[in-house]
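S.K.: File start.txt below, compact mmCIF, C-alpha atoms:
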# COMPACT_ATOMS: atom_id res chain seq x y z
CA MET A 6 88.51 123.74 83.34
CA THR A 7 85.73 123.91 80.77
CA GLY A 8 85.31 124.75 77.12
CA PRO A 9 86.21 123.14 73.80
CA GLY A 10 89.20 120.84 74.03
CA SER A 11 89.52 121.13 77.81
CA ALA A 12 89.28 117.36 78.28
CA ALA A 13 92.04 116.84 75.69
CA ARG A 14 94.20 119.41 77.52
CA ARG A 15 93.65 117.63 80.82
CA PHE A 16 94.63 114.39 79.10
CA VAL A 17 97.85 115.84 77.68
CA GLU A 18 98.74 117.54 80.96
CA ALA A 19 98.25 114.31 82.89
CA LEU A 20 100.30 112.35 80.36
CA ASP A 21 103.13 114.91 80.45
CA GLN A 22 103.50 114.77 84.22
CA LEU A 23 106.60 112.86 85.27
CA PRO A 24 105.38 109.30 85.91
CA PRO A 25 106.61 107.20 88.82
CA PRO A 26 109.70 105.11 87.96
CA GLU A 27 107.72 101.90 87.40
CA LEU A 28 105.72 103.58 84.60
CA ARG A 29 108.58 105.11 82.59
CA GLY A 30 109.30 102.28 80.17
CA PRO A 31 107.72 102.29 76.68
CA GLU A 32 105.82 99.12 77.55
CA MET A 33 104.05 101.07 80.32
CA LEU A 34 102.72 103.79 77.99
CA ALA A 35 99.25 102.23 77.79
CA VAL A 36 98.98 102.32 81.59
CA ARG A 37 99.93 106.01 81.61
CA LEU A 38 97.41 106.66 78.82
CA ALA A 39 94.66 104.93 80.77
CA ARG A 40 95.47 107.01 83.85
CA ALA A 41 95.46 110.17 81.72
CA CYS A 42 91.96 109.25 80.50
CA LEU A 43 90.91 108.91 84.12
CA ALA A 44 92.29 112.38 84.88
CA ALA A 45 90.60 113.93 81.86
CA LEU A 46 87.11 112.46 82.16
CA PRO A 47 84.57 112.04 85.01
CA VAL A 48 84.92 108.25 85.13
CA ASP A 49 86.17 105.78 87.73
CA GLY A 50 88.24 103.43 85.58
CA ALA A 51 89.80 103.28 82.12
CA GLY A 52 91.23 100.29 80.28
CA LEU A 53 92.66 99.58 76.83
CA SER A 54 92.50 96.28 74.95
CA ILE A 55 93.39 94.93 71.51
CA HIS A 56 90.96 92.70 69.62
CA ASP A 57 92.58 90.91 66.71
CA ARG A 58 90.86 89.60 63.60
CA ASP A 59 90.73 86.08 65.04
CA GLY A 60 88.71 87.23 68.01
CA LEU A 61 91.57 87.12 70.53
CA ARG A 62 91.55 89.87 73.13
CA THR A 63 94.63 91.26 74.86
CA PRO A 64 94.65 93.94 77.58
CA ILE A 65 97.42 96.50 77.17
CA GLY A 66 96.83 98.92 80.05
CA ALA A 67 94.44 99.83 82.84
CA SER A 68 94.20 102.78 85.18
CA ASP A 69 94.11 100.55 88.28
CA PRO A 70 93.91 96.89 89.38
CA THR A 71 90.10 96.93 89.69
CA THR A 72 89.73 98.06 86.08
CA ALA A 73 92.19 95.36 85.01
CA LEU A 74 89.97 92.83 86.80
CA ALA A 75 86.90 94.13 84.94
CA GLU A 76 88.71 93.38 81.66
CA ARG A 77 89.61 89.88 82.82
CA LEU A 78 85.99 89.25 83.71
CA GLN A 79 84.92 90.27 80.20
CA PHE A 80 87.56 87.97 78.72
CA THR A 81 86.58 85.04 80.95
CA HIS A 82 82.93 85.37 79.96
CA GLY A 83 83.90 85.68 76.31
CA ALA A 84 81.65 88.67 75.69
CA GLY A 85 80.96 92.16 76.89
CA PRO A 86 80.91 95.85 76.04
CA ALA A 87 84.43 96.07 74.58
CA LEU A 88 83.87 93.18 72.19
CA ARG A 89 80.53 94.65 71.09
CA ALA A 90 82.16 98.04 70.44
CA HIS A 91 84.90 96.34 68.43
CA ASP A 92 82.39 94.36 66.39
CA ASN A 93 80.18 97.40 65.72
CA GLY A 94 83.07 99.82 65.23
CA ALA A 95 81.23 102.47 67.24
CA ALA A 96 81.11 103.80 70.80
CA ILE A 97 78.41 102.13 72.88
CA ALA A 98 77.21 102.92 76.41
CA PHE A 99 75.92 100.11 78.62
CA ASP A 100 74.00 100.86 81.80
CA PRO A 101 73.34 98.14 84.41
CA ALA A 102 70.13 97.03 82.70
CA ASP A 103 71.90 96.78 79.35
CA ILE A 104 74.70 94.63 80.78
CA ALA A 105 72.25 92.42 82.69
CA ARG A 106 70.09 91.92 79.61
CA ASN A 107 72.96 91.17 77.22
CA TRP A 108 75.32 89.29 79.54
CA PRO A 109 73.61 88.28 82.81
CA ASP A 110 76.57 86.21 84.05
CA LEU A 111 79.02 89.01 83.30
CA HIS A 112 76.71 91.46 85.07
CA SER A 113 76.69 89.28 88.19
CA ALA A 114 80.48 89.06 88.12
CA LEU A 115 80.99 92.82 87.65
CA VAL A 116 78.55 93.67 90.43
CA GLY A 117 80.01 91.02 92.72
CA ASP A 118 83.71 91.63 92.12
CA THR A 119 84.00 95.32 91.17
CA PRO A 120 82.30 98.58 92.16
CA PHE A 121 81.45 99.35 88.52
CA SER A 122 77.87 99.48 87.30
CA ALA A 123 78.14 100.89 83.76
CA VAL A 124 80.66 101.26 80.96
CA LEU A 125 81.22 103.27 77.81
CA SER A 126 83.25 101.31 75.24
CA VAL A 127 84.95 103.40 72.56
CA PRO A 128 86.94 102.09 69.57
CA LEU A 129 90.00 104.22 68.86
CA LEU A 130 90.30 106.04 65.55
CA PRO A 131 92.06 104.46 62.53
CA PRO A 132 94.65 103.12 62.14
CA LEU A 133 94.25 101.62 65.62
CA GLY A 134 90.47 101.38 65.71
CA PRO A 135 88.35 99.40 65.90
CA LEU A 136 91.01 96.85 66.91
CA VAL A 137 91.94 98.90 70.01
CA VAL A 138 89.06 99.71 72.35
CA LEU A 139 88.91 102.06 75.34
CA ASP A 140 86.59 101.01 78.19
CA LEU A 141 85.44 103.79 80.53
CA TYR A 142 83.85 102.48 83.73
CA VAL A 143 81.71 104.34 86.26
CA GLN A 144 80.47 103.33 89.69
CA ASP A 145 77.33 105.48 89.53
CA ALA A 146 75.35 104.58 86.44
CA LEU A 147 73.91 108.11 86.32
CA ALA A 148 77.42 109.45 85.66
CA LEU A 149 77.54 107.77 82.27
CA PRO A 150 74.82 109.77 80.46
CA ALA A 151 76.21 112.91 82.11
CA THR A 152 79.63 112.35 80.53
CA ASP A 153 80.11 114.78 77.64
CA ARG A 154 80.54 112.74 74.47
CA GLU A 155 82.53 115.54 72.81
CA ASP A 156 85.00 115.35 75.67
CA VAL A 157 85.24 111.59 75.17
CA ALA A 158 85.79 112.10 71.44
CA ASP A 159 88.53 114.70 72.09
CA VAL A 160 90.31 112.38 74.52
CA THR A 161 90.00 109.48 72.08
CA ILE A 162 91.68 111.57 69.37
CA ALA A 163 94.53 112.56 71.71
CA LEU A 164 94.87 108.96 72.89
CA THR A 165 95.04 107.60 69.35
CA ARG A 166 97.64 110.19 68.35
CA ALA A 167 99.82 109.34 71.34
CA MET A 168 99.73 105.61 70.62
CA VAL A 169 100.40 106.01 66.89
CA ALA A 170 103.28 108.42 67.55
CA ALA A 171 104.82 105.99 70.02
CA ALA A 172 104.47 103.07 67.59
CA LEU A 173 105.99 105.01 64.69
CA GLY A 174 108.78 106.43 66.83
CA ALA A 175 109.86 103.13 68.38
CA PRO A 176 113.27 101.92 67.16
CA ALA A 177 113.09 98.79 65.03
CA GLU A 178 115.29 96.80 67.39
CA GLU A 179 114.78 93.09 67.86
CA GLY A 180 113.30 92.47 71.28
CA ARG A 181 112.39 96.13 71.76
CA ARG A 182 109.22 96.38 73.82
CA GLY A 183 106.37 98.75 73.00
CA TRP A 184 103.00 99.75 74.48
CA TRP A 185 101.56 96.45 73.23
CA ASP A 186 103.97 94.50 75.51
CA GLY A 187 102.86 95.74 78.92
CA PRO A 188 102.41 93.55 82.01
CA ASP A 189 98.71 92.89 81.32
CA ALA A 190 99.51 91.76 77.77
CA LEU A 191 102.28 89.45 78.99
CA ARG A 192 99.89 88.02 81.56
CA ARG A 193 97.33 87.32 78.84
CA ALA A 194 100.07 85.61 76.82
CA ARG A 195 100.09 82.92 79.49
CA VAL A 196 96.50 82.14 78.56
CA TRP A 197 97.60 81.36 75.00
CA GLN A 198 100.48 79.28 76.38
CA ALA A 199 98.10 77.34 78.63
CA THR A 200 95.66 76.94 75.75
CA GLY A 201 98.44 75.32 73.73
CA MET A 202 99.22 72.95 76.61
CA VAL A 203 95.57 71.85 76.79
CA ASN A 204 95.43 71.60 72.99
CA VAL A 205 98.33 69.14 72.87
CA ALA A 206 97.41 67.16 75.98
CA PHE A 207 93.77 66.55 75.08
CA GLY A 208 93.82 66.77 71.29
CA LEU A 209 91.51 69.79 71.15
CA ASP A 210 91.42 72.70 68.76
CA THR A 211 92.24 76.15 70.07
CA GLY A 212 88.64 77.22 70.72
CA ASP A 213 87.81 74.06 72.66
CA ALA A 214 91.07 74.21 74.60
CA LEU A 215 90.29 77.78 75.69
CA ALA A 216 86.77 76.64 76.62
CA VAL A 217 88.31 74.02 78.94
CA LEU A 218 90.28 76.74 80.74
CA LYS A 219 87.17 78.91 81.00
CA ALA A 220 85.09 76.00 82.31
CA HIS A 221 87.61 75.45 85.10
CA ALA A 222 87.58 79.18 85.83
CA PHE A 223 83.79 79.19 86.16
CA ALA A 224 83.83 76.03 88.32
CA THR A 225 86.36 77.55 90.71
CA ASP A 226 84.92 81.10 90.62
CA ARG A 227 88.09 82.58 89.14
CA VAL A 228 89.17 84.42 86.01
CA VAL A 229 90.76 82.41 83.21
CA ASP A 230 94.03 84.38 83.49
CA ASP A 231 94.56 82.99 87.01
CA VAL A 232 93.80 79.44 85.92
CA ALA A 233 96.24 79.75 83.01
CA ASP A 234 98.96 81.13 85.28
CA ASP A 235 98.51 78.21 87.68
CA LEU A 236 98.70 75.70 84.83
CA VAL A 237 101.82 77.21 83.24
CA THR A 238 103.64 77.44 86.58
CA GLY A 239 102.62 73.93 87.65
CA ARG A 240 100.38 74.91 90.56
CA ILE A 241 97.62 72.85 88.96
CA ALA A 242 98.05 69.74 86.81
CA LEU A 243 96.60 69.19 83.36
CA ASP A 244 94.61 66.22 84.68
CA GLN A 245 92.61 68.65 86.84
CA LEU A 246 91.32 70.22 83.63
CA ARG A 247 90.70 67.02 81.69
CA PRO A 248 87.32 67.13 79.91
CA ALA A 249 84.95 64.33 80.88
CA ASP A 250 84.77 63.07 77.27
CA SER A 251 88.53 63.24 76.63
CA ASP A 252 90.02 59.89 75.54
CA ARG A 253 93.63 60.85 76.17
Render the structure in this file as structure tokens.
M.R.:
Amino acid sequence: MTGPGSAARRFVEALDQLPPPELRGPEMLAVRLARACLAALPVDGAGLSIHDRDGLRTPIGASDPTTALAERLQFTHGAGPALRAHDNGAAIAFDPADIARNWPDLHSALVGDTPFSAVLSVPLLPPLGPLVVLDLYVQDALALPATDREDVADVTIALTRAMVAAALGAPAEEGRRGWWDGPDALRRARVWQATGMVNVAFGLDTGDALAVLKAHAFATDRVVDDVADDLVTGRIALDQLRPADSDR
């Protein structure tokens, strides 16, 4: 299928297909949207994340587990394409050389732990953008410049419309879950819970407490989400994260 709007049509068609049972809830919409992006565009992974005004980043949906891991790697390293696109408010493409030059440690992690070599990060349109960013990953870096930017723009418009419509149409019921409450977002919430535990135990501010979690993640060659989950569930003790200069 080619021609104006064909990518948007592929997106809508993929989204309208009956999803498997585990994807039918409203909190799973972002996962379905990410998979629809994958069906509409010649990319190998698609992920959505929210970046709030305090710099906190929350994943809300990914097309597959490998793409979800790529997001967690960006979060663990505290920088990356999605954050840059959010800060600039514009779509930015990063080939392997770009990623290696800007974030050498992140580049090593992506190359070592995922098949992805390049990414196009695209803020959604207002009112969701630039707080919500779409990451489009490719395995072959040459596929990125070959991706039609008008197709990406058309899909971004359709994606934004779908998310806004779902947000406006959601009943205002207490405890009602929406696309911002998916499994990846709830997993990231454990990071904030673990950060609070470190904050209280060691008398650190939020930024330093998160840095303690990230330092342990780097030391153990893991992502910070896994470290946080282990701390909250008691698989590791707070003393294992105690900073060397902590007096508590």
S.K.: Quick one: everything within 7 Å of Ala75 (chain A), counting all atoms listed in the file, minus sequence neighbours fewer than 4 positions away in the same chain. Send it as a PDB file with C-alpha atoms, in the coordinates of the input.
M.R.:
ATOM      1  CA  THR A  71      90.100  96.930  89.690  1.00  0.00           C
ATOM      2  CA  GLN A  79      84.920  90.270  80.200  1.00  0.00           C
ATOM      3  CA  LEU A 115      80.990  92.820  87.650  1.00  0.00           C
ATOM      4  CA  THR A 119      84.000  95.320  91.170  1.00  0.00           C
TER       5      THR A 119
END
S.K.: May I have the residues within 8 Å of Ser54 (chain A) as a PyMOL selection string, using only C-alpha atoms and disregarding those fewer than 2 positions away in the same chain?
M.R.: chain A and resi 52+56+62-66+137-139
S.K.: Using all atoms listed in the file, pick whichever of A:Ala170, A:Leu46, A:Leu125, A:Arg77 has the shortest atom-to-atom distance to Val232 (chain A).
M.R.: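 Nearest candidate to Val232 (chain A) out of A:Ala170, A:Leu46, A:Leu125, A:Arg77: A:Arg77.
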S.K.: Which residue, A:Pro25, A:Asp244, A:His91, A:His82, has the smallest gap to Lys219 (chain A) when you use only C-alpha atoms?
M.R.: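 Among the listed residues, A:His82 lies closest to Lys219 (chain A).
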S.K.: A:Pro248, A:Leu215, A:Gly134, A:Thr72: which is nearest Arg195 (chain A), counting all atoms listed in the file?
M.R.: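 Checking each candidate against Arg195 (chain A), we get A:Leu215 as the closest.
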S.K.: Pick the closest to Leu191 (chain A) from A:Asp234, A:Arg40, A:Ile162, A:Asn93: which is it, counting all atoms listed in the file?
M.R.: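 Closest to Leu191 (chain A), using all atoms listed in the file: A:Asp234.
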S.K.: CA of Leu141 (chain A) and CA of Ala19 (chain A), how far apart in Å?
M.R.: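 CA of Leu141 (chain A) lies at a distance of 16.7 Å from CA of Ala19 (chain A).
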S.K.: Please, which residues in region 32-146 of chain A fall within 12 Å of region 11-14 of chain A when counting all atoms listed in the file, and what is the closest atom pair and distance in Å to one decimal for each, ordered by chain then residue number, as a Markdown table?
M.R.:
| residue | atom | partner | partner_atom | distance |
| --- | --- | --- | --- | --- |
| A:Leu38 | CA | A:Ala13 | CA | 11.9 |
| A:Ala41 | CA | A:Ala13 | CA | 9.6 |
| A:Cys42 | CA | A:Ala12 | CA | 8.8 |
| A:Leu43 | CA | A:Ala12 | CA | 10.4 |
| A:Ala44 | CA | A:Ala12 | CA | 8.8 |
| A:Ala45 | CA | A:Ala12 | CA | 5.1 |
| A:Leu46 | CA | A:Ala12 | CA | 6.6 |
| A:Pro47 | CA | A:Ala12 | CA | 9.8 |
S.K.: CA of Leu218 (chain A) and CA of Gly117 (chain A), how far apart in Å?
M.R.: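 For CA of Gly117 (chain A) relative to CA of Leu218 (chain A), the distance reads 21.3 Å.
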S.K.: Which polymer residues have any atom within 10 Å of an atom of Arg166 (chain A), counting all atoms listed in the file, with same-chain residues fewer than 4 positions away left out, as a list of chain:residue names?
M.R.: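 Contacts, in chain order: A:Leu129, A:Leu130, A:Pro131, A:Pro132, A:Leu133, A:Val160, A:Thr161, A:Ile162, A:Ala170, A:Ala171, A:Ala172.
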S.K.: CA of Ala242 (chain A) and CA of Leu61 (chain A) are how many Å apart?
M.R.: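 Pair CA of Ala242 (chain A) / CA of Leu61 (chain A) returns 24.7 Å.
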S.K.: Determine the nearest neighbour of Trp108 (chain A) from the options A:Ala84, A:Val237, A:Ala39, A:Ala206, counting only C-alpha atoms.
M.R.: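 When distances to Trp108 (chain A) are compared using only C-alpha atoms, the smallest one comes from A:Ala84.
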S.K.: Let me make sure I understand: among A:Gly83, A:Gly30, A:Gly208, A:Pro135, which one has the smallest atom-to-atom distance to Ala95 (chain A) if we use all atoms listed in the file?
M.R.: A:Pro135
S.K.: Return as a Markdown table the residues of region 87-179 of chain A lying at most 12 Å from region 221-225 of chain A, together with the closest atom-to-atom pair for each and the distance in Å to one decimal, counting all atoms listed in the file, with rows in chain order and ascending residue number.
M.R.:
| residue | atom | partner | partner_atom | distance |
| --- | --- | --- | --- | --- |
| A:Asp110 | CA | A:Phe223 | CA | 10.3 |
| A:Leu111 | CA | A:Phe223 | CA | 11.3 |
| A:Ala114 | CA | A:Phe223 | CA | 10.6 |
S.K.: Kindly output region 105-116 of chain A as a PDB file, keeping the file's coordinate frame, after building all heavy atoms.
M.R.:
ATOM      1  N   ALA A 105      73.000  93.563  82.164  1.00  0.00           N
ATOM      2  CA  ALA A 105      72.250  92.420  82.690  1.00  0.00           C
ATOM      3  C   ALA A 105      71.451  91.727  81.593  1.00  0.00           C
ATOM      4  O   ALA A 105      71.337  90.496  81.576  1.00  0.00           O
ATOM      5  CB  ALA A 105      71.332  92.874  83.820  1.00  0.00           C
ATOM      6  N   ARG A 106      70.902  92.505  80.686  1.00  0.00           N
ATOM      7  CA  ARG A 106      70.090  91.920  79.610  1.00  0.00           C
ATOM      8  C   ARG A 106      70.963  91.190  78.590  1.00  0.00           C
ATOM      9  O   ARG A 106      70.613  90.092  78.141  1.00  0.00           O
ATOM     10  CB  ARG A 106      69.291  93.014  78.912  1.00  0.00           C
ATOM     11  CG  ARG A 106      68.387  92.502  77.781  1.00  0.00           C
ATOM     12  CD  ARG A 106      67.512  93.607  77.216  1.00  0.00           C
ATOM     13  NE  ARG A 106      68.284  94.709  76.663  1.00  0.00           N
ATOM     14  CZ  ARG A 106      68.431  95.898  77.256  1.00  0.00           C
ATOM     15  NH1 ARG A 106      67.875  96.127  78.432  1.00  0.00           N
ATOM     16  NH2 ARG A 106      69.147  96.851  76.685  1.00  0.00           N
ATOM     17  N   ASN A 107      72.097  91.764  78.235  1.00  0.00           N
ATOM     18  CA  ASN A 107      72.960  91.170  77.220  1.00  0.00           C
ATOM     19  C   ASN A 107      73.844  90.058  77.760  1.00  0.00           C
ATOM     20  O   ASN A 107      74.062  89.050  77.080  1.00  0.00           O
ATOM     21  CB  ASN A 107      73.840  92.247  76.580  1.00  0.00           C
ATOM     22  CG  ASN A 107      73.081  93.151  75.639  1.00  0.00           C
ATOM     23  OD1 ASN A 107      72.825  92.783  74.498  1.00  0.00           O
ATOM     24  ND2 ASN A 107      72.721  94.340  76.106  1.00  0.00           N
ATOM     25  N   TRP A 108      74.368  90.248  78.982  1.00  0.00           N
ATOM     26  CA  TRP A 108      75.320  89.290  79.540  1.00  0.00           C
ATOM     27  C   TRP A 108      75.038  89.132  81.040  1.00  0.00           C
ATOM     28  O   TRP A 108      75.761  89.674  81.886  1.00  0.00           O
ATOM     29  CB  TRP A 108      76.756  89.799  79.342  1.00  0.00           C
ATOM     30  CG  TRP A 108      77.026  90.275  77.941  1.00  0.00           C
ATOM     31  CD1 TRP A 108      77.219  89.499  76.826  1.00  0.00           C
ATOM     32  CD2 TRP A 108      77.138  91.641  77.497  1.00  0.00           C
ATOM     33  NE1 TRP A 108      77.432  90.278  75.733  1.00  0.00           N
ATOM     34  CE2 TRP A 108      77.397  91.593  76.098  1.00  0.00           C
ATOM     35  CE3 TRP A 108      77.039  92.883  78.129  1.00  0.00           C
ATOM     36  CZ2 TRP A 108      77.555  92.755  75.341  1.00  0.00           C
ATOM     37  CZ3 TRP A 108      77.197  94.026  77.377  1.00  0.00           C
ATOM     38  CH2 TRP A 108      77.454  93.961  76.007  1.00  0.00           C
ATOM     39  N   PRO A 109      73.996  88.386  81.394  1.00  0.00           N
ATOM     40  CA  PRO A 109      73.610  88.280  82.810  1.00  0.00           C
ATOM     41  C   PRO A 109      74.727  87.734  83.708  1.00  0.00           C
ATOM     42  O   PRO A 109      74.885  88.205  84.845  1.00  0.00           O
ATOM     43  CB  PRO A 109      72.397  87.339  82.778  1.00  0.00           C
ATOM     44  CG  PRO A 109      72.422  86.689  81.427  1.00  0.00           C
ATOM     45  CD  PRO A 109      73.079  87.651  80.514  1.00  0.00           C
ATOM     46  N   ASP A 110      75.492  86.753  83.218  1.00  0.00           N
ATOM     47  CA  ASP A 110      76.570  86.210  84.050  1.00  0.00           C
ATOM     48  C   ASP A 110      77.685  87.231  84.243  1.00  0.00           C
ATOM     49  O   ASP A 110      78.236  87.360  85.342  1.00  0.00           O
ATOM     50  CB  ASP A 110      77.137  84.935  83.412  1.00  0.00           C
ATOM     51  CG  ASP A 110      76.142  83.786  83.436  1.00  0.00           C
ATOM     52  OD1 ASP A 110      75.224  83.818  84.276  1.00  0.00           O
ATOM     53  OD2 ASP A 110      76.285  82.862  82.609  1.00  0.00           O
ATOM     54  N   LEU A 111      78.011  87.952  83.183  1.00  0.00           N
ATOM     55  CA  LEU A 111      79.020  89.010  83.300  1.00  0.00           C
ATOM     56  C   LEU A 111      78.526  90.095  84.255  1.00  0.00           C
ATOM     57  O   LEU A 111      79.300  90.609  85.074  1.00  0.00           O
ATOM     58  CB  LEU A 111      79.327  89.606  81.936  1.00  0.00           C
ATOM     59  CG  LEU A 111      80.270  90.820  81.928  1.00  0.00           C
ATOM     60  CD1 LEU A 111      81.633  90.472  82.503  1.00  0.00           C
ATOM     61  CD2 LEU A 111      80.416  91.379  80.512  1.00  0.00           C
ATOM     62  N   HIS A 112      77.263  90.453  84.170  1.00  0.00           N
ATOM     63  CA  HIS A 112      76.710  91.460  85.070  1.00  0.00           C
ATOM     64  C   HIS A 112      76.867  91.041  86.515  1.00  0.00           C
ATOM     65  O   HIS A 112      77.295  91.827  87.367  1.00  0.00           O
ATOM     66  CB  HIS A 112      75.232  91.698  84.740  1.00  0.00           C
ATOM     67  CG  HIS A 112      74.557  92.654  85.664  1.00  0.00           C
ATOM     68  ND1 HIS A 112      73.793  92.229  86.747  1.00  0.00           N
ATOM     69  CD2 HIS A 112      74.545  94.010  85.712  1.00  0.00           C
ATOM     70  CE1 HIS A 112      73.344  93.285  87.390  1.00  0.00           C
ATOM     71  NE2 HIS A 112      73.779  94.375  86.790  1.00  0.00           N
ATOM     72  N   SER A 113      76.548  89.772  86.816  1.00  0.00           N
ATOM     73  CA  SER A 113      76.690  89.280  88.190  1.00  0.00           C
ATOM     74  C   SER A 113      78.130  89.356  88.650  1.00  0.00           C
ATOM     75  O   SER A 113      78.408  89.725  89.806  1.00  0.00           O
ATOM     76  CB  SER A 113      76.179  87.838  88.277  1.00  0.00           C
ATOM     77  OG  SER A 113      74.805  87.760  87.975  1.00  0.00           O
ATOM     78  N   ALA A 114      79.071  89.024  87.751  1.00  0.00           N
ATOM     79  CA  ALA A 114      80.480  89.060  88.120  1.00  0.00           C
ATOM     80  C   ALA A 114      80.961  90.492  88.362  1.00  0.00           C
ATOM     81  O   ALA A 114      81.670  90.765  89.328  1.00  0.00           O
ATOM     82  CB  ALA A 114      81.320  88.401  87.027  1.00  0.00           C
ATOM     83  N   LEU A 115      80.569  91.424  87.483  1.00  0.00           N
ATOM     84  CA  LEU A 115      80.990  92.820  87.650  1.00  0.00           C
ATOM     85  C   LEU A 115      80.439  93.395  88.949  1.00  0.00           C
ATOM     86  O   LEU A 115      81.157  94.070  89.692  1.00  0.00           O
ATOM     87  CB  LEU A 115      80.513  93.658  86.461  1.00  0.00           C
ATOM     88  CG  LEU A 115      81.332  93.572  85.177  1.00  0.00           C
ATOM     89  CD1 LEU A 115      80.628  94.332  84.047  1.00  0.00           C
ATOM     90  CD2 LEU A 115      82.738  94.126  85.380  1.00  0.00           C
ATOM     91  N   VAL A 116      79.168  93.142  89.209  1.00  0.00           N
ATOM     92  CA  VAL A 116      78.550  93.670  90.430  1.00  0.00           C
ATOM     93  C   VAL A 116      79.164  93.025  91.668  1.00  0.00           C
ATOM     94  O   VAL A 116      79.366  93.677  92.692  1.00  0.00           O
ATOM     95  CB  VAL A 116      77.024  93.431  90.397  1.00  0.00           C
ATOM     96  CG1 VAL A 116      76.395  93.754  91.738  1.00  0.00           C
ATOM     97  CG2 VAL A 116      76.390  94.284  89.306  1.00  0.00           C
TER      98      VAL A 116
END
